[in-house]
$ cat model17.cif   # mmCIF, C-alpha atoms
data_upload
#
loop_
_atom_site.label_atom_id
_atom_site.label_comp_id
_atom_site.auth_asym_id
_atom_site.auth_seq_id
_atom_site.Cartn_x
_atom_site.Cartn_y
_atom_site.Cartn_z
CA MET T 1 124.53 114.10 96.47
CA VAL T 2 124.90 117.71 97.64
CA LYS T 3 125.67 120.54 95.22
CA ASP T 4 128.38 122.02 97.46
CA PRO T 5 131.44 119.76 97.09
CA ALA T 6 132.95 121.31 100.23
CA LEU T 7 130.42 119.40 102.29
CA SER T 8 131.98 115.96 102.65
CA LEU T 9 130.19 112.89 103.94
CA ASP T 10 131.93 113.27 107.32
CA THR T 11 130.83 116.91 107.56
CA LEU T 12 127.22 116.03 106.73
CA GLN T 13 127.20 113.23 109.30
CA LYS T 14 128.60 115.57 111.95
CA VAL T 15 126.12 118.35 111.13
CA TYR T 16 122.98 116.20 110.83
CA GLY T 17 123.90 113.21 113.00
CA ARG T 18 122.70 109.67 112.40
CA ASN T 19 119.41 109.00 110.61
CA ILE T 20 117.74 107.33 113.57
CA LEU T 21 114.93 108.22 115.92
CA ASP T 22 116.30 107.61 119.39
CA VAL T 23 113.65 107.51 122.10
CA PRO T 24 115.44 108.08 125.42
CA LEU T 25 114.92 105.34 127.98
CA LYS T 26 114.52 107.08 131.32
CA PRO T 27 115.12 105.28 134.63
CA VAL T 28 112.22 103.54 136.38
CA ILE T 29 112.40 106.01 139.25
CA HIS T 30 111.54 108.81 136.79
CA PHE T 31 108.31 107.06 135.76
CA LEU T 32 107.47 106.24 139.39
CA LEU T 33 107.98 109.82 140.57
CA THR T 34 105.98 111.15 137.61
CA GLU T 35 103.13 108.85 138.62
CA ILE T 36 103.08 109.45 142.38
CA LEU T 37 103.67 113.21 142.28
CA THR T 38 100.13 113.89 141.10
CA PHE T 39 97.20 115.40 142.93
CA PHE T 40 95.45 112.01 143.19
CA TYR T 41 98.23 110.43 145.28
CA PHE T 42 98.61 113.52 147.47
CA PHE T 43 94.88 113.33 148.12
CA GLN T 44 95.16 109.62 148.96
CA LEU T 45 98.02 110.32 151.37
CA PHE T 46 96.11 113.13 153.06
CA SER T 47 93.00 110.94 153.33
CA CYS T 48 94.97 108.09 154.86
CA ILE T 49 96.46 110.44 157.47
CA VAL T 50 92.95 111.57 158.38
CA TRP T 51 91.67 107.97 158.52
CA TYR T 52 94.57 106.83 160.71
CA ASN T 53 93.81 109.72 163.11
CA ASN T 54 90.14 108.62 163.24
CA GLN T 55 91.00 104.97 164.01
CA TYR T 56 90.21 103.64 160.49
CA GLU T 57 93.57 101.84 160.32
CA VAL T 58 92.41 98.85 158.27
CA TYR T 59 90.67 101.01 155.66
CA ALA T 60 93.63 103.41 155.42
CA THR T 61 96.09 100.51 155.12
CA VAL T 62 94.05 98.94 152.31
CA ILE T 63 94.00 102.27 150.45
CA ILE T 64 97.78 102.67 150.85
CA VAL T 65 98.42 99.12 149.60
CA MET T 66 96.10 99.63 146.63
CA SER T 67 97.73 102.98 145.80
CA VAL T 68 101.22 101.47 145.92
CA LEU T 69 100.13 98.57 143.68
CA SER T 70 98.42 100.97 141.29
CA ALA T 71 101.46 103.25 141.04
CA GLY T 72 103.74 100.23 140.59
CA SER T 73 101.64 98.65 137.86
CA THR T 74 101.23 101.95 136.00
CA THR T 75 104.99 102.51 136.17
CA TYR T 76 105.63 98.97 134.88
CA VAL T 77 103.17 99.33 131.98
CA THR T 78 104.61 102.74 131.02
CA ARG T 79 108.17 101.41 131.09
CA ILE T 80 107.22 98.38 128.94
CA ALA T 81 105.45 100.66 126.43
CA ILE T 82 108.51 102.94 126.15
CA VAL T 83 110.80 99.92 125.65
CA LYS T 84 108.51 98.58 122.88
CA LEU T 85 108.35 102.01 121.23
CA ARG T 86 112.12 102.31 121.38
CA LYS T 87 112.56 98.90 119.72
CA ALA T 88 110.03 99.82 117.02
CA VAL T 89 111.72 103.08 116.03
CA LEU T 90 115.36 101.99 116.38
CA TYR T 91 115.11 100.08 113.13
CA GLU T 92 117.97 100.18 110.65
CA ALA T 93 118.03 98.36 107.33
CA PRO T 94 120.50 98.13 104.47
CA VAL T 95 119.58 100.43 101.57
CA GLU T 96 121.04 101.02 98.12
CA VAL T 97 122.21 104.61 97.87
CA LYS T 98 123.82 106.68 95.14
CA ARG T 99 126.55 108.98 96.47
CA ASN T 100 128.84 110.96 94.18
CA GLY T 101 127.67 108.85 91.23
CA VAL T 102 128.52 105.52 92.90
CA ILE T 103 125.84 103.03 93.96
CA GLN T 104 126.61 101.39 97.29
CA GLU T 105 124.81 99.63 100.12
CA VAL T 106 124.77 101.37 103.51
CA LEU T 107 122.70 101.14 106.67
CA SER T 108 119.75 103.53 106.72
CA GLY T 109 121.15 105.13 109.88
CA ASP T 110 124.13 106.36 107.83
CA LEU T 111 122.04 108.27 105.27
CA VAL T 112 122.68 111.99 104.91
CA PRO T 113 120.76 114.76 103.14
CA GLY T 114 121.28 114.53 99.39
CA ASP T 115 121.57 110.74 99.21
CA ILE T 116 119.53 109.13 96.44
CA VAL T 117 117.99 105.90 97.74
CA ARG T 118 116.57 103.10 95.59
CA ILE T 119 113.21 101.81 96.86
CA PRO T 120 113.17 97.98 96.56
CA LEU T 121 110.50 96.41 94.31
CA SER T 122 109.02 94.55 97.27
CA GLU T 123 107.16 95.52 100.42
CA THR T 124 109.56 97.38 102.67
CA LYS T 125 109.61 99.65 105.71
CA VAL T 126 110.75 103.21 105.00
CA THR T 127 113.55 104.17 107.40
CA PHE T 128 114.10 107.76 106.26
CA ASP T 129 112.24 110.86 105.15
CA GLY T 130 112.69 111.50 101.46
CA VAL T 131 111.34 112.86 98.20
CA LEU T 132 110.17 110.45 95.52
CA LEU T 133 112.10 111.29 92.34
CA CYS T 134 110.81 108.62 89.94
CA GLY T 135 108.24 105.82 89.91
CA ASP T 136 105.04 105.57 91.92
CA VAL T 137 104.52 103.84 95.26
CA VAL T 138 101.54 102.88 97.37
CA VAL T 139 102.35 103.60 101.01
CA ASP T 140 100.71 102.54 104.26
CA GLU T 141 100.97 105.58 106.56
CA ALA T 142 98.82 104.12 109.35
CA MET T 143 101.72 104.21 111.84
CA LEU T 144 101.92 107.99 111.44
CA THR T 145 98.40 109.14 110.63
CA GLY T 146 96.10 106.33 111.74
CA GLU T 147 94.61 106.34 108.24
CA SER T 148 93.75 102.79 107.23
CA VAL T 149 93.61 103.47 103.49
CA PRO T 150 96.99 103.27 101.67
CA THR T 151 98.22 106.43 99.96
CA LEU T 152 99.54 106.77 96.41
CA LYS T 153 102.79 108.75 96.19
CA ASN T 154 103.92 110.27 92.90
CA PRO T 155 107.38 111.44 91.85
CA LEU T 156 108.37 115.07 92.07
CA PRO T 157 107.82 116.71 88.65
CA PHE T 158 111.00 117.29 86.64
CA GLU T 159 110.01 120.92 86.06
CA TRP T 160 110.16 121.59 89.82
CA PRO T 161 111.95 124.92 90.33
CA GLU T 162 115.12 125.23 92.38
CA GLU T 163 113.26 126.76 95.33
CA ALA T 164 113.06 125.30 98.80
CA PHE T 165 111.19 122.02 99.10
CA ILE T 166 108.56 122.11 101.84
CA ALA T 167 107.33 118.59 102.62
CA GLU T 168 103.99 119.78 104.03
CA GLN T 169 103.16 121.39 100.69
CA ARG T 170 104.25 118.34 98.66
CA GLU T 171 103.00 115.39 100.73
CA VAL T 172 102.07 113.49 97.58
CA ASN T 173 105.82 113.39 96.72
CA THR T 174 107.19 112.73 100.21
CA LEU T 175 107.96 109.40 101.90
CA TYR T 176 108.13 109.40 105.69
CA ALA T 177 110.12 107.21 108.05
CA GLY T 178 107.94 104.65 109.81
CA THR T 179 105.65 104.07 106.83
CA THR T 180 105.57 100.91 104.72
CA VAL T 181 105.87 100.78 100.96
CA LEU T 182 103.22 98.26 99.91
CA GLN T 183 103.43 98.41 96.14
CA PRO T 184 106.33 100.11 94.40
CA SER T 185 106.20 100.70 90.65
CA PRO T 186 109.48 100.92 88.78
CA PRO T 187 110.17 104.08 86.82
CA PRO T 188 109.18 103.98 83.13
#

$ encode --input "model17.cif" --output "C-alpha cells"
Amino acid sequence: MVKDPALSLDTLQKVYGRNILDVPLKPVIHFLLTEILTFFYFFQLFSCIVWYNNQYEVYATVIIVMSVLSAGSTTYVTRIAIVKLRKAVLYEAPVEVKRNGVIQEVLSGDLVPGDIVRIPLSETKVTFDGVLLCGDVVVDEAMLTGESVPTLKNPLPFEWPEEAFIAEQREVNTLYAGTTVLQPSPPP
C-alpha cells in the first residue's frame, strides 16, 4: 500500500477524502439568476419599458412572455443536464484491492492512494485514476478526450526509478476515471 506504515487507512481517507467526483447540485434559483442577469435580458427589459411608454403594449407584453419562457426553459434544460452529469459521475463499483498484502473487495469510493486494484477480465468502467502495473488494456477514453479510437495502455516498466510519477508524462501507463476498459489482457 503506502511505504510509510504510520499512514493508516483512516489517515489516508481523512487526508484524501473519498474517491468520488461530486458535482454540486445548485438550487434552481441559482441557474435562473445566472440566466436572467445577462446583458440580453437587461436589454429586453429596457426595450419593453421603452415600448410600453410608446404605447406598444401588446408587442412589449409578447416580448416579456417570450423572455420569461426562454429563461425558464434554459434554466430547466441546464438543471436537467447537471442532474444527468451528477448521476453519471457519482458511480461507485465494487473492486478487488490489495491492501497490506490482503486481497479484499471494497467500493471504488473507498480507494486510497497506494491501493493495488485488480482490473477485471471483462469490459468495465474505470472508477479511479491509477497506474497500470502489469498486463495490457485497451481503453475507450472518449468520455474524457472525445477521441473515438480506443487507446492501448501498457504497464509501467519494472525498471522505473523511485522518482515522482507524473501522469501527463506517462499517459500510456495511466488509467483515468470515467474511461472504459474494453479489452484487458492478463499479465504473463

$ resolve_selection --input "model17.cif" --expression "the PyMOL selection byres ((chain T and resi 182) around 6)" --output "compact mmCIF listing (two decimals) with C-alpha atoms, in the coordinates of the input"
# COMPACT_ATOMS: atom_id res chain seq x y z
CA GLU T 123 107.16 95.52 100.42
CA VAL T 138 101.54 102.88 97.37
CA VAL T 139 102.35 103.60 101.01
CA THR T 180 105.57 100.91 104.72
CA VAL T 181 105.87 100.78 100.96
CA GLN T 183 103.43 98.41 96.14

$ atom_distance --input "model17.cif" --atom1 "CA of Glu141 in chain T" --atom2 "CA of Pro186 in chain T"
20.3 Å

$ residues_around --input "model17.cif" --residues "range 18-23 of chain T" --least-positions-apart "4" --cutoff "12 Å" --atoms "only C-alpha atoms" --output "ChimeraX atom specification"
/T:9-14,81-93,106-113,115,126-130,177-178

$ closest_residue --input "model17.cif" --among "T:Glu35, T:Leu144, T:Ser185, T:Phe46" --to "Leu121 in chain T" --atoms "all atoms listed in the file"
T:Ser185

$ atom_distance --input "model17.cif" --atom1 "CA of Phe42 in chain T" --atom2 "CA of Tyr59 in chain T"
16.9 Å

$ resolve_selection --input "model17.cif" --expression "the PyMOL selection byres ((chain T and resi 63-69) around 8)" --output "JSON list (two decimals) with C-alpha atoms, keeping the file's coordinate frame"
[["chain", "number", "residue", "atom", "x", "y", "z"],
["T", 41, "TYR", "CA", 98.23, 110.43, 145.28],
["T", 44, "GLN", "CA", 95.16, 109.62, 148.96],
["T", 45, "LEU", "CA", 98.02, 110.32, 151.37],
["T", 48, "CYS", "CA", 94.97, 108.09, 154.86],
["T", 59, "TYR", "CA", 90.67, 101.01, 155.66],
["T", 60, "ALA", "CA", 93.63, 103.41, 155.42],
["T", 61, "THR", "CA", 96.09, 100.51, 155.12],
["T", 62, "VAL", "CA", 94.05, 98.94, 152.31],
["T", 70, "SER", "CA", 98.42, 100.97, 141.29],
["T", 71, "ALA", "CA", 101.46, 103.25, 141.04],
["T", 72, "GLY", "CA", 103.74, 100.23, 140.59],
["T", 73, "SER", "CA", 101.64, 98.65, 137.86]]

$ atom_distance --input "model17.cif" --atom1 "CA of Ala142 in chain T" --atom2 "CA of Val97 in chain T"
26.1 Å

$ closest_residue --input "model17.cif" --among "T:Tyr56, T:Gly146, T:Tyr176, T:Leu133" --to "Glu159 in chain T" --atoms "all atoms listed in the file"
T:Leu133

$ closest_residue --input "model17.cif" --among "T:Pro155, T:Ile49, T:Gln104, T:Gly114" --to "Tyr16 in chain T" --atoms "all atoms listed in the file"
T:Gly114

$ closest_residue --input "model17.cif" --among "T:Pro184, T:Thr151, T:Pro24, T:Leu132" --to "Ala167 in chain T" --atoms "only C-alpha atoms"
T:Leu132

$ resolve_selection --input "model17.cif" --expression "the PyMOL selection byres ((chain T and resi 32) around 9)" --output "PDB file with C-alpha atoms, in the frame of the given file"
ATOM      1  CA  VAL T  28     112.220 103.540 136.380  1.00  0.00           C
ATOM      2  CA  ILE T  29     112.400 106.010 139.250  1.00  0.00           C
ATOM      3  CA  HIS T  30     111.540 108.810 136.790  1.00  0.00           C
ATOM      4  CA  PHE T  31     108.310 107.060 135.760  1.00  0.00           C
ATOM      5  CA  LEU T  33     107.980 109.820 140.570  1.00  0.00           C
ATOM      6  CA  THR T  34     105.980 111.150 137.610  1.00  0.00           C
ATOM      7  CA  GLU T  35     103.130 108.850 138.620  1.00  0.00           C
ATOM      8  CA  ILE T  36     103.080 109.450 142.380  1.00  0.00           C
ATOM      9  CA  LEU T  37     103.670 113.210 142.280  1.00  0.00           C
ATOM     10  CA  ALA T  71     101.460 103.250 141.040  1.00  0.00           C
ATOM     11  CA  GLY T  72     103.740 100.230 140.590  1.00  0.00           C
ATOM     12  CA  THR T  74     101.230 101.950 136.000  1.00  0.00           C
ATOM     13  CA  THR T  75     104.990 102.510 136.170  1.00  0.00           C
ATOM     14  CA  TYR T  76     105.630  98.970 134.880  1.00  0.00           C
TER      15      TYR T  76
END

$ residues_near_point --input "model17.cif" --point "(98.7, 116.9, 95.0)" --cutoff "12 Å" --atoms "only C-alpha atoms" --output "PyMOL selection string"
chain T and resi 151-157+167-174

$ closest_residue --input "model17.cif" --among "T:Ile103, T:Val137, T:Val77, T:Ile166" --to "Thr124 in chain T" --atoms "all atoms listed in the file"
T:Val137

$ axis_aligned_box --input "model17.cif" --around "range 116-128 of chain T" --padding-each-side "8 Å" --output "JSON"
{"center_x": 113.3, "center_y": 101.8, "center_z": 100.9, "size_x": 28.4, "size_y": 30.6, "size_z": 29.1}

$ closest_residue --input "model17.cif" --among "T:Gly101, T:Pro27, T:Pro120, T:Pro187" --to "Cys134 in chain T" --atoms "all atoms listed in the file"
T:Pro187
